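Student: The structure follows.
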Number of protein chains: 2
Amino acid sequence: MLRTVMVAALASTASLAQAQDAVFELDAETREIAQSLGQTALASDLAYEITESLTTEVGPRLAGTPQEARAREWAVETLERLDFENVRVEPFELDLWTRGRSVYEEVAITAPYPQPLYAISLGGAGATPEGGLEAEVVFFDSYDSLLASDASADALEGKLVFVNDRMVASRTGEGYGWANRKRRDAWVMAEDRGASGLLIRSVGTSTNRFAHTGMMSFPEGRHPEIPALAVSGPDADQIQRLHEMGETIRINMRTYAGWRGQAMSGNVIAEIEGSEAPDEIVIIGAHLDSWDTATGALDDGAGVGIVTAAAKLIADSGHRPRRTIRVVLFGAEEVGLVGARAYANARMEDGTIPNHIIGSESDFGAREVWRMGSNVGEHALPEIAAIHRELQSLGVVPGDNEGGGGPDMIPLQYMGVPMVRLEQNGEDYFEFHHTPNDTFDKIVPEEMAQNVAAWTMMVWLLADSETDFRPQAQQNAASE
Amino acid sequence: MLRTVMVAALASTASLAQAQDAVFELDAETREIAQSLGQTALASDLAYEITESLTTEVGPRLAGTPQEARAREWAVETLERLDFENVRVEPFELDLWTRGRSVYEEVAITAPYPQPLYAISLGGAGATPEGGLEAEVVFFDSYDSLLASDASADALEGKLVFVNDRMVASRTGEGYGWANRKRRDAWVMAEDRGASGLLIRSVGTSTNRFAHTGMMSFPEGRHPEIPALAVSGPDADQIQRLHEMGETIRINMRTYAGWRGQAMSGNVIAEIEGSEAPDEIVIIGAHLDSWDTATGALDDGAGVGIVTAAAKLIADSGHRPRRTIRVVLFGAEEVGLVGARAYANARMEDGTIPNHIIGSESDFGAREVWRMGSNVGEHALPEIAAIHRELQSLGVVPGDNEGGGGPDMIPLQYMGVPMVRLEQNGEDYFEFHHTPNDTFDKIVPEEMAQNVAAWTMMVWLLADSETDFRPQAQQNAASE
């Protein structure tokens with residue numbers, strides 16, 4: 001209702017071009033509060049403490065397991081202790097996959113030179129036959145060379161397919177999607193051609209001897225029968241060297257991974273209610289679940305700490321923003337954005353998607369924020385620019401208007417919710433991500449405080465705004 | 001014989017004080033050859049290739065196992081292929097300890113918050129009872145606080161003793177010995193007081209989630225009955241945080257480690273025979289064995305590469321030095337210098353200890369050499385200083401005359417053999433050492449080439465020298 005009025009007002013006072021050229025001036029008091037919140041956040045270790053608590057008192061929390069259920073209990077207790085409003089759990093079901101016996105999976109080269117490998121099943125993989133399997137390796141230097149190989153031949157029958165693509169480090173983590181193709185999709189071709197299993201060089205940039213897990217893709221809901229594992233970078237180097245020597249490599253493995261039917265997960269929701277427009281929601285998210293091999297400090301304990309602390313610092317400022325700040329700690333992100341889809345579907349059902357004014361997620365570690373991007377209607381860019389100017393003192397540069405708001409925001413963005421994104425320095429994120437090495441000691445408190453300061457200021461300014469950030473065509477459609 | 005003559009000559013021409021003040025001038029041609037060897041070594045990747053071959057074609061090689069036997073075969077083949085002379089194996093027996101089933105040992109916190117730990121049995125440890133054990137943790141912030149605790153109390157009965165000392169990083173690795181006290185000795189007190197097991201924070205400086213193994217001490221030959229494990233730094237942090245929260249911590253573990261009777265090991269010996277004084281030996285060493293959790297690239301594949309390449313580059317120079325260069329690739333270093341003691345004992349028996357003019361070992365990774373130290377008679381210091389001057393162009397600074405020549409040189413040094421030492425940059429050595437992360441990719445070829453250059457020049461100058469490096473009192477005793 002309110003939004004319709006705002007849209008009409010905007011449409012009557014400014015053309016799109018004028019809006020783009022316009023300099024948006026934030027209210028002086030609002031700016032003063034933002035700067036004060038930034039200073040408070042820089043001096044606060046609340047996010048760090050929240051992350052320490054989650055990673056210590058819950059630890060690993062794979063989606064659908066009792067550990068993830070305990071993470072929800074922890075979240076409810078923590079959010080209530082911090083005086084959030086409307087704290088609640090929205091449960092949902094998922095297909096449960098677990099590793100089976102333990103995180104220490106047994107994989108070894110048996111020929112030509114016996115030695116153990118550090119490897120880990122990919123999420124969704126099948127198990128070896130009872131007692132394990134041993135087979136010869138067929139080496140592919142890349143996923144593309146597997147795709148290009150002769151599909152009619154039976155060269156893979158009973159063999160272990162090894163795919164060796166490397167990922168390159170970058171500040172933005174951009175190489176991840178490309179490198180992940182082999183993780184997500186290579187199993188299908190391996191299984192269809194009779195391979196007894198799949199091994200890939202770990203996605204990620206680490207030269208440490210940790211294997212990088214992560215979910216596979218399941219076209220048409222099909223689950224793999226074969227085991228599929230990532231081996232650490234140094235172990236992949238070893239396999240590559242042996243292959244280049246012309247050796248026939250045999251590998252033995254014994255894994256217990258598999259799908260275990262239905263289980264419960266859930267999203268934990270809490271709010272700081274808006275003073276003037278409580279139905280308008282600025283949604284900020286992170287995910288509660290983690291992989292099982294680590295305590296998920298960077299992925300995504302840090303995000304839980306950052307968005308929770310940002311909202312709490314605003315609540316404690318004595319200045320309640322116009323709009324409601326909704327913190328959503330999603331379940332089951334790692335296993336396919338299951339919580340994010342459940343949340344978006346529930347909002348479709350209760351008709352409150354249009355109430356979501358803008359959204360963002362923190363899910364890329366705990367290093368400093370260096371860029372602010374958005375995906376909003378062009379009329380709103382002057383205001384985004386004005387918000388960015390408030391963050392410049394933290395060293396944040398302006399980004400584009402083309403990206404998303406983070407993985408758990410994808411379903412909401414599909415449904416038309418505008419997004420902002422605070423990009424974090426991710427140069428070494430994929431050194432730790434999805435490995436046993438994603439632990440609390442990797443977080444630098446000062447970097448995290450800068451991150452929280454950027455979030456606190458941005459969320460305050462968005463929540464105290466009167467602007468509808470949706471593209472105007474979409475606004476007009478909504479107001480019809 | 002020759003040595004007696006030299007000693008007499010020295011004694012007649014210079015007092016000790018004069019020798020100390022004297023400037024020793026190396027022969028111009030010898031110096032020229034040294035500089036040329038240095039340049040050749042800087043451009044050579046022979047050491048790197050040897051290390052790659054050992055770590056790829058043998059891999060892990062725990063003392064007394066078939067893998068260590070294969071390393072000896074590899075060494076004989078490699079040294080013969082490189083045209084070394086007198087290539088041979090000197091076998092010896094040892095008490096075999098192995099980890100049992102695999103390098104992936106199962107350890108987990110069961111209370112208050114269940115989660116896996118990354119831990120590894122210490123060398124020499126016992127196993128858990130079949131089926132594993134679960135017990136409460138008794139936390140000691142340091143080995144000293146365990147020592148200071150009330151030995152008459154039964155507070156440790158049936159418990160798991162946890163000892164939390166931290167090690168500090170340094171260029172020289174000096175913190176290692178102190179931090180190792182808990183690794184070596186804590187089990188005795190734990191076992192004597194009825195503890196069901198011992199856990200220590202990993203020795204080493206890594207914040208990576210790798211546990212650091214290493215041999216324990218066995219006073220009077222006693223072997224532990226109880227399991228004894230190191231947990232990785234981040235896991236020790238977790239235990240410490242839970243302890244500081246006042247929680248009672250319970251840990252479950254299942255290990256299979258133990259002593260398995262007698263087994264064979266051996267030292268591999270090869271020579272570049274001296275042109276004028278073939279009975280005079282410059283001994284340079286490294287060790288062939290490694291821990292079982294990694295391929296032992298830094299410890300001590302690199303050393304094998306460095307000393308082998310140094311001798312080979314001299315042999316290929318067209319200038320054969322006066323003295324014999326003896327390369328000894330020791331077996332069973334990690335499990336208590338067993339090969340080094342066997343070698344020294346064999347030389348006692350064959351009466352050739354006095355033939356060992358000077359010795360040195362490379363066993364501290366593959367980074368650059370930054371300091372040259374010695375332990376020689378004071379009359380020989382001017383010559384050591386002259387040798388050092390030749391290495392200054394590599395950035396090597398002078399050290400003292402008080403140290404040793406490396407772990408496997410200790411028994412020879414006890415028997416009076418003079419020592420030199422090329423100290424390597426060890427700032428991050430204990431990030432990798434004795435963990436699964438000690439793999440070939442950690443070696444930087446350019447750093448290793450500088451290291452080999454320093455070795456090649458030094459060994460050439462020592463092998464072409466006419467000086468007896470022993471203290472003069474010792475020389476006089478030997479000549480009587």
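Here, A, B, ... name the chains of the structure tokens in the order displayed, residue numbers run from 1 inside each chain, and ligands are numbered from 1 in the same displayed order.
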Determine, using only C-alpha atoms, which residues of chain A have any atom at most 10 Å from an atom of chain B, and tabulate each with its shortest atom pair and distance in Å to one decimal place, rows ordered by chain and then rising number, as JSON lines.

Tutor:
{"residue": "A:Glu52", "atom": "CA", "partner": "B:Arg241", "partner_atom": "CA", "distance": 9.1}
{"residue": "A:Ser53", "atom": "CA", "partner": "B:Arg241", "partner_atom": "CA", "distance": 9.6}
{"residue": "A:Thr55", "atom": "CA", "partner": "B:Gln238", "partner_atom": "CA", "distance": 8.8}
{"residue": "A:Thr56", "atom": "CA", "partner": "B:Gln238", "partner_atom": "CA", "distance": 6.4}
{"residue": "A:Glu57", "atom": "CA", "partner": "B:Tyr113", "partner_atom": "CA", "distance": 6.1}
{"residue": "A:Val58", "atom": "CA", "partner": "B:Tyr113", "partner_atom": "CA", "distance": 6.0}
{"residue": "A:Gly59", "atom": "CA", "partner": "B:Gln115", "partner_atom": "CA", "distance": 6.4}
{"residue": "A:Pro60", "atom": "CA", "partner": "B:Gln115", "partner_atom": "CA", "distance": 6.5}
{"residue": "A:Arg61", "atom": "CA", "partner": "B:Gln115", "partner_atom": "CA", "distance": 9.2}
{"residue": "A:Gln67", "atom": "CA", "partner": "B:Pro114", "partner_atom": "CA", "distance": 8.1}
{"residue": "A:Arg70", "atom": "CA", "partner": "B:Tyr113", "partner_atom": "CA", "distance": 9.4}
{"residue": "A:Ser102", "atom": "CA", "partner": "B:Glu106", "partner_atom": "CA", "distance": 7.9}
{"residue": "A:Val103", "atom": "CA", "partner": "B:Pro116", "partner_atom": "CA", "distance": 7.4}
{"residue": "A:Tyr104", "atom": "CA", "partner": "B:Tyr104", "partner_atom": "CA", "distance": 5.6}
{"residue": "A:Glu105", "atom": "CA", "partner": "B:Tyr104", "partner_atom": "CA", "distance": 7.5}
{"residue": "A:Glu106", "atom": "CA", "partner": "B:Tyr104", "partner_atom": "CA", "distance": 7.3}
{"residue": "A:Val107", "atom": "CA", "partner": "B:Tyr104", "partner_atom": "CA", "distance": 9.8}
{"residue": "A:Ala108", "atom": "CA", "partner": "B:Ser102", "partner_atom": "CA", "distance": 9.8}
{"residue": "A:Pro112", "atom": "CA", "partner": "B:Glu57", "partner_atom": "CA", "distance": 7.9}
{"residue": "A:Tyr113", "atom": "CA", "partner": "B:Val58", "partner_atom": "CA", "distance": 5.9}
{"residue": "A:Pro114", "atom": "CA", "partner": "B:Gly59", "partner_atom": "CA", "distance": 7.7}
{"residue": "A:Gln115", "atom": "CA", "partner": "B:Gly59", "partner_atom": "CA", "distance": 6.4}
{"residue": "A:Pro116", "atom": "CA", "partner": "B:Val103", "partner_atom": "CA", "distance": 7.4}
{"residue": "A:Leu117", "atom": "CA", "partner": "B:Ala294", "partner_atom": "CA", "distance": 9.1}
{"residue": "A:Tyr118", "atom": "CA", "partner": "B:Pro436", "partner_atom": "CA", "distance": 8.4}
{"residue": "A:Thr207", "atom": "CA", "partner": "B:Asp441", "partner_atom": "CA", "distance": 7.4}
{"residue": "A:Asn208", "atom": "CA", "partner": "B:Asn437", "partner_atom": "CA", "distance": 6.1}
{"residue": "A:Arg209", "atom": "CA", "partner": "B:Asn437", "partner_atom": "CA", "distance": 5.3}
{"residue": "A:Phe210", "atom": "CA", "partner": "B:Asn437", "partner_atom": "CA", "distance": 8.6}
{"residue": "A:Gly233", "atom": "CA", "partner": "B:Asp441", "partner_atom": "CA", "distance": 9.1}
{"residue": "A:Pro234", "atom": "CA", "partner": "B:Asp441", "partner_atom": "CA", "distance": 6.5}
{"residue": "A:Asp235", "atom": "CA", "partner": "B:Thr439", "partner_atom": "CA", "distance": 8.7}
{"residue": "A:Asp237", "atom": "CA", "partner": "B:Asp441", "partner_atom": "CA", "distance": 7.9}
{"residue": "A:Gln238", "atom": "CA", "partner": "B:Thr56", "partner_atom": "CA", "distance": 6.4}
{"residue": "A:Ile239", "atom": "CA", "partner": "B:Thr56", "partner_atom": "CA", "distance": 8.9}
{"residue": "A:Arg241", "atom": "CA", "partner": "B:Thr56", "partner_atom": "CA", "distance": 7.3}
{"residue": "A:Leu242", "atom": "CA", "partner": "B:Thr56", "partner_atom": "CA", "distance": 7.1}
{"residue": "A:Met245", "atom": "CA", "partner": "B:Glu57", "partner_atom": "CA", "distance": 9.8}
{"residue": "A:Asp292", "atom": "CA", "partner": "B:Gln115", "partner_atom": "CA", "distance": 8.6}
{"residue": "A:Thr293", "atom": "CA", "partner": "B:Pro116", "partner_atom": "CA", "distance": 7.6}
{"residue": "A:Ala294", "atom": "CA", "partner": "B:Pro116", "partner_atom": "CA", "distance": 8.2}
{"residue": "A:Thr295", "atom": "CA", "partner": "B:Gln115", "partner_atom": "CA", "distance": 8.4}
{"residue": "A:Phe432", "atom": "CA", "partner": "B:Asn208", "partner_atom": "CA", "distance": 9.3}
{"residue": "A:Thr435", "atom": "CA", "partner": "B:Arg209", "partner_atom": "CA", "distance": 9.4}
{"residue": "A:Pro436", "atom": "CA", "partner": "B:Arg209", "partner_atom": "CA", "distance": 6.6}
{"residue": "A:Asn437", "atom": "CA", "partner": "B:Arg209", "partner_atom": "CA", "distance": 5.3}
{"residue": "A:Asp438", "atom": "CA", "partner": "B:Arg209", "partner_atom": "CA", "distance": 8.6}
{"residue": "A:Thr439", "atom": "CA", "partner": "B:Pro234", "partner_atom": "CA", "distance": 6.7}
{"residue": "A:Phe440", "atom": "CA", "partner": "B:Pro234", "partner_atom": "CA", "distance": 7.7}
{"residue": "A:Asp441", "atom": "CA", "partner": "B:Pro234", "partner_atom": "CA", "distance": 6.5}
{"residue": "A:Lys442", "atom": "CA", "partner": "B:Thr207", "partner_atom": "CA", "distance": 7.9}

Student: Mind the document's chain letters and residue numbers, and return as a list in words the residues of stretch 365-440 of chain A that DSSP labels strand (DSSP E).

Tutor: Val369, Trp370, Arg371, Met372, Gly373, Ser374, Asn375, Val397, Pro398, Met419, Val420, Arg421, Leu422, Glu423 and Gln424 of chain A

Student: Based on the selection just made, write C-alpha atoms of those residues as a short mmCIF file (atom, residue, chain, number, x, y, z; two decimals), in the first residue's frame.

Tutor:
data_model
loop_
_atom_site.label_atom_id
_atom_site.label_comp_id
_atom_site.auth_asym_id
_atom_site.auth_seq_id
_atom_site.Cartn_x
_atom_site.Cartn_y
_atom_site.Cartn_z
CA VAL A 369 34.43 -5.46 2.78
CA TRP A 370 35.97 -3.77 -0.25
CA ARG A 371 33.09 -3.14 -2.67
CA MET A 372 29.38 -2.42 -2.52
CA GLY A 373 27.19 -3.60 -5.39
CA SER A 374 23.45 -3.59 -5.97
CA ASN A 375 20.68 -4.85 -8.17
CA VAL A 397 34.62 1.15 -3.48
CA PRO A 398 31.46 1.29 -5.60
CA MET A 419 19.50 -6.82 -3.75
CA VAL A 420 22.60 -5.18 -2.34
CA ARG A 421 25.93 -6.89 -1.80
CA LEU A 422 28.93 -6.07 0.36
CA GLU A 423 31.78 -7.88 -1.33
CA GLN A 424 34.44 -9.22 0.95
#

Student: Which residue, B:Val417, B:Ala380, B:Met253, B:Met458, has the smallest gap to B:Leu133 when you use only C-alpha atoms?

Tutor: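 So, comparing all the options, the nearest one is B:Met253.
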
Student: Can you check the Cα RMSD once chain A has been least-squares fitted onto chain B over every paired atom, in order?

Tutor: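 The root-mean-square deviation of C-alpha positions is 0.0 Å.
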
Student: Out of B:Glu446, B:Glu80, B:Asp27, B:Glu431, which residue has the shortest atom-to-atom distance to B:Ser202 when counting only C-alpha atoms?

Tutor: B:Glu431

Student: Could you state the separation of atom CA of A:Phe84 and atom CA of A:Ile272 in Å, given to one decimal place?

Tutor: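 Here the two named atoms are 6.1 Å from each other.
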
Student: For B:Gly197, find every residue with an atom within 12 Å (counting only C-alpha atoms), except residues of its own chain fewer than 4 positions away, and show them as a PyMOL selection string.

Tutor: chain B and resi 121-122+125-129+132-138+156-163+186-193+224-230+251-255

Student: For the selection just defined, write its residues with C-alpha atoms to a file, as a PDB file, in the first residue's frame.

Tutor:
ATOM      1  CA  SER B 121      49.294 -41.058  17.326  1.00  0.00           C
ATOM      2  CA  LEU B 122      52.766 -40.084  18.465  1.00  0.00           C
ATOM      3  CA  ALA B 125      52.346 -44.863  21.364  1.00  0.00           C
ATOM      4  CA  GLY B 126      50.159 -47.746  22.403  1.00  0.00           C
ATOM      5  CA  ALA B 127      46.666 -48.449  21.045  1.00  0.00           C
ATOM      6  CA  THR B 128      43.263 -47.973  22.577  1.00  0.00           C
ATOM      7  CA  PRO B 129      41.501 -51.099  23.814  1.00  0.00           C
ATOM      8  CA  GLY B 132      38.114 -47.767  21.353  1.00  0.00           C
ATOM      9  CA  LEU B 133      37.909 -45.805  24.561  1.00  0.00           C
ATOM     10  CA  GLU B 134      35.956 -42.831  25.808  1.00  0.00           C
ATOM     11  CA  ALA B 135      37.048 -40.793  28.790  1.00  0.00           C
ATOM     12  CA  GLU B 136      36.934 -37.390  30.416  1.00  0.00           C
ATOM     13  CA  VAL B 137      39.678 -34.882  29.691  1.00  0.00           C
ATOM     14  CA  VAL B 138      41.897 -33.428  32.406  1.00  0.00           C
ATOM     15  CA  LEU B 156      44.157 -38.808  36.416  1.00  0.00           C
ATOM     16  CA  GLU B 157      42.927 -42.375  36.971  1.00  0.00           C
ATOM     17  CA  GLY B 158      41.042 -43.475  33.859  1.00  0.00           C
ATOM     18  CA  LYS B 159      41.187 -39.978  32.389  1.00  0.00           C
ATOM     19  CA  LEU B 160      42.650 -38.486  29.224  1.00  0.00           C
ATOM     20  CA  VAL B 161      45.477 -36.088  30.043  1.00  0.00           C
ATOM     21  CA  PHE B 162      45.555 -33.058  27.708  1.00  0.00           C
ATOM     22  CA  VAL B 163      48.679 -30.840  27.616  1.00  0.00           C
ATOM     23  CA  ALA B 186      54.367 -36.465  29.182  1.00  0.00           C
ATOM     24  CA  TRP B 187      53.171 -40.045  28.581  1.00  0.00           C
ATOM     25  CA  VAL B 188      55.271 -41.393  31.455  1.00  0.00           C
ATOM     26  CA  MET B 189      53.541 -39.307  34.086  1.00  0.00           C
ATOM     27  CA  ALA B 190      50.129 -39.867  32.486  1.00  0.00           C
ATOM     28  CA  GLU B 191      50.594 -43.633  32.409  1.00  0.00           C
ATOM     29  CA  ASP B 192      52.132 -43.854  35.875  1.00  0.00           C
ATOM     30  CA  ARG B 193      49.153 -42.030  37.316  1.00  0.00           C
ATOM     31  CA  PRO B 224      53.902 -46.944  26.606  1.00  0.00           C
ATOM     32  CA  GLU B 225      50.807 -49.089  27.063  1.00  0.00           C
ATOM     33  CA  ILE B 226      48.454 -46.150  26.612  1.00  0.00           C
ATOM     34  CA  PRO B 227      47.527 -44.313  23.411  1.00  0.00           C
ATOM     35  CA  ALA B 228      49.228 -40.940  23.024  1.00  0.00           C
ATOM     36  CA  LEU B 229      48.169 -38.516  20.304  1.00  0.00           C
ATOM     37  CA  ALA B 230      48.764 -34.988  19.095  1.00  0.00           C
ATOM     38  CA  ILE B 251      36.723 -37.691  23.975  1.00  0.00           C
ATOM     39  CA  ASN B 252      36.335 -40.961  22.113  1.00  0.00           C
ATOM     40  CA  MET B 253      39.194 -42.505  20.164  1.00  0.00           C
ATOM     41  CA  ARG B 254      40.115 -45.691  18.409  1.00  0.00           C
ATOM     42  CA  THR B 255      43.746 -46.322  17.483  1.00  0.00           C
TER      43      THR B 255
END

Student: If we count only C-alpha atoms and set the cut-off at 7 Å, which residues sit around A:Trp97, ignoring sequence neighbours fewer than 5 positions away in its own chain? Please answer as number ranges by chain.

Tutor: A: 124, 258-260

Student: By how many Å are atom CA of B:Gly303 and atom CA of B:Leu54 apart?

Tutor: 11.2 Å

Student: Distance atom CA of A:Leu337-atom CA of A:Leu46, one decimal place?

Tutor: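 Those two atoms sit 26.9 Å apart.
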
Student: Could you check the closest approach to B:Leu329 for each of B:Met409, B:Leu394, B:Val268, B:Ile33 and tell me which residue wins, using only C-alpha atoms?

Tutor: B:Val268

Student: Considering only alpha helix (DSSP H) as DSSP defines it on the backbone, what residues of stretch 253-416 of chain A qualify? List them as a PyMOL selection string.

Tutor: chain A and resi 302-315+338-350+381-391+410-414

Student: Contacts of B:Asp289 at 9 Å or less, counting only C-alpha atoms, minus same-chain residues fewer than 3 places along, as a PDB file with N, CA and C atoms, in the first residue's frame?

Tutor:
ATOM      1  N   PRO B  60      55.719 -41.970   1.265  1.00  0.00           N
ATOM      2  CA  PRO B  60      55.986 -42.113   2.695  1.00  0.00           C
ATOM      3  C   PRO B  60      56.879 -43.328   2.945  1.00  0.00           C
ATOM      4  N   ARG B  61      57.769 -43.237   3.944  1.00  0.00           N
ATOM      5  CA  ARG B  61      58.763 -44.298   4.122  1.00  0.00           C
ATOM      6  C   ARG B  61      59.158 -44.387   5.593  1.00  0.00           C
ATOM      7  N   LEU B  62      58.241 -44.886   6.361  1.00  0.00           N
ATOM      8  CA  LEU B  62      58.460 -45.034   7.805  1.00  0.00           C
ATOM      9  C   LEU B  62      59.542 -46.075   8.068  1.00  0.00           C
ATOM     10  N   ALA B  63      60.396 -45.770   9.032  1.00  0.00           N
ATOM     11  CA  ALA B  63      61.527 -46.639   9.362  1.00  0.00           C
ATOM     12  C   ALA B  63      61.083 -48.068   9.625  1.00  0.00           C
ATOM     13  N   GLY B  64      61.757 -49.004   8.973  1.00  0.00           N
ATOM     14  CA  GLY B  64      61.514 -50.418   9.230  1.00  0.00           C
ATOM     15  C   GLY B  64      60.412 -51.028   8.393  1.00  0.00           C
ATOM     16  N   GLN B  67      58.176 -49.709   2.754  1.00  0.00           N
ATOM     17  CA  GLN B  67      58.374 -48.452   2.030  1.00  0.00           C
ATOM     18  C   GLN B  67      59.791 -47.922   2.256  1.00  0.00           C
ATOM     19  N   GLU B  68      60.317 -48.066   3.473  1.00  0.00           N
ATOM     20  CA  GLU B  68      61.688 -47.607   3.701  1.00  0.00           C
ATOM     21  C   GLU B  68      62.678 -48.512   2.942  1.00  0.00           C
ATOM     22  N   ALA B  71      62.811 -47.277  -0.398  1.00  0.00           N
ATOM     23  CA  ALA B  71      63.614 -46.048  -0.477  1.00  0.00           C
ATOM     24  C   ALA B  71      65.095 -46.385  -0.609  1.00  0.00           C
ATOM     25  N   GLY B 296      57.236 -36.729   3.045  1.00  0.00           N
ATOM     26  CA  GLY B 296      58.535 -36.313   3.590  1.00  0.00           C
ATOM     27  C   GLY B 296      59.373 -35.549   2.583  1.00  0.00           C
ATOM     28  N   ASP B 299      61.217 -33.077   5.032  1.00  0.00           N
ATOM     29  CA  ASP B 299      61.860 -33.864   6.082  1.00  0.00           C
ATOM     30  C   ASP B 299      61.841 -35.335   5.685  1.00  0.00           C
ATOM     31  N   ASP B 300      62.856 -35.756   4.925  1.00  0.00           N
ATOM     32  CA  ASP B 300      64.069 -35.042   4.587  1.00  0.00           C
ATOM     33  C   ASP B 300      64.414 -35.320   3.130  1.00  0.00           C
ATOM     34  N   GLY B 301      63.339 -35.466   2.307  1.00  0.00           N
ATOM     35  CA  GLY B 301      63.583 -35.634   0.884  1.00  0.00           C
ATOM     36  C   GLY B 301      64.475 -34.539   0.334  1.00  0.00           C
ATOM     37  N   LEU B 329      73.004 -41.602   3.268  1.00  0.00           N
ATOM     38  CA  LEU B 329      71.556 -41.418   3.394  1.00  0.00           C
ATOM     39  C   LEU B 329      71.091 -42.367   4.494  1.00  0.00           C
ATOM     40  N   PHE B 330      70.872 -41.776   5.663  1.00  0.00           N
ATOM     41  CA  PHE B 330      70.614 -42.572   6.864  1.00  0.00           C
ATOM     42  C   PHE B 330      69.204 -43.156   6.868  1.00  0.00           C
ATOM     43  N   GLY B 331      69.076 -44.331   7.417  1.00  0.00           N
ATOM     44  CA  GLY B 331      67.765 -44.900   7.703  1.00  0.00           C
ATOM     45  C   GLY B 331      67.364 -44.565   9.128  1.00  0.00           C
ATOM     46  N   ALA B 332      66.053 -44.631   9.381  1.00  0.00           N
ATOM     47  CA  ALA B 332      65.529 -44.646  10.752  1.00  0.00           C
ATOM     48  C   ALA B 332      65.993 -43.479  11.606  1.00  0.00           C
ATOM     49  N   GLU B 333      66.037 -42.282  10.984  1.00  0.00           N
ATOM     50  CA  GLU B 333      66.362 -41.086  11.773  1.00  0.00           C
ATOM     51  C   GLU B 333      65.209 -40.716  12.686  1.00  0.00           C
ATOM     52  N   GLU B 334      63.984 -40.725  12.112  1.00  0.00           N
ATOM     53  CA  GLU B 334      62.828 -40.193  12.840  1.00  0.00           C
ATOM     54  C   GLU B 334      62.526 -40.976  14.112  1.00  0.00           C
TER      55      GLU B 334
END
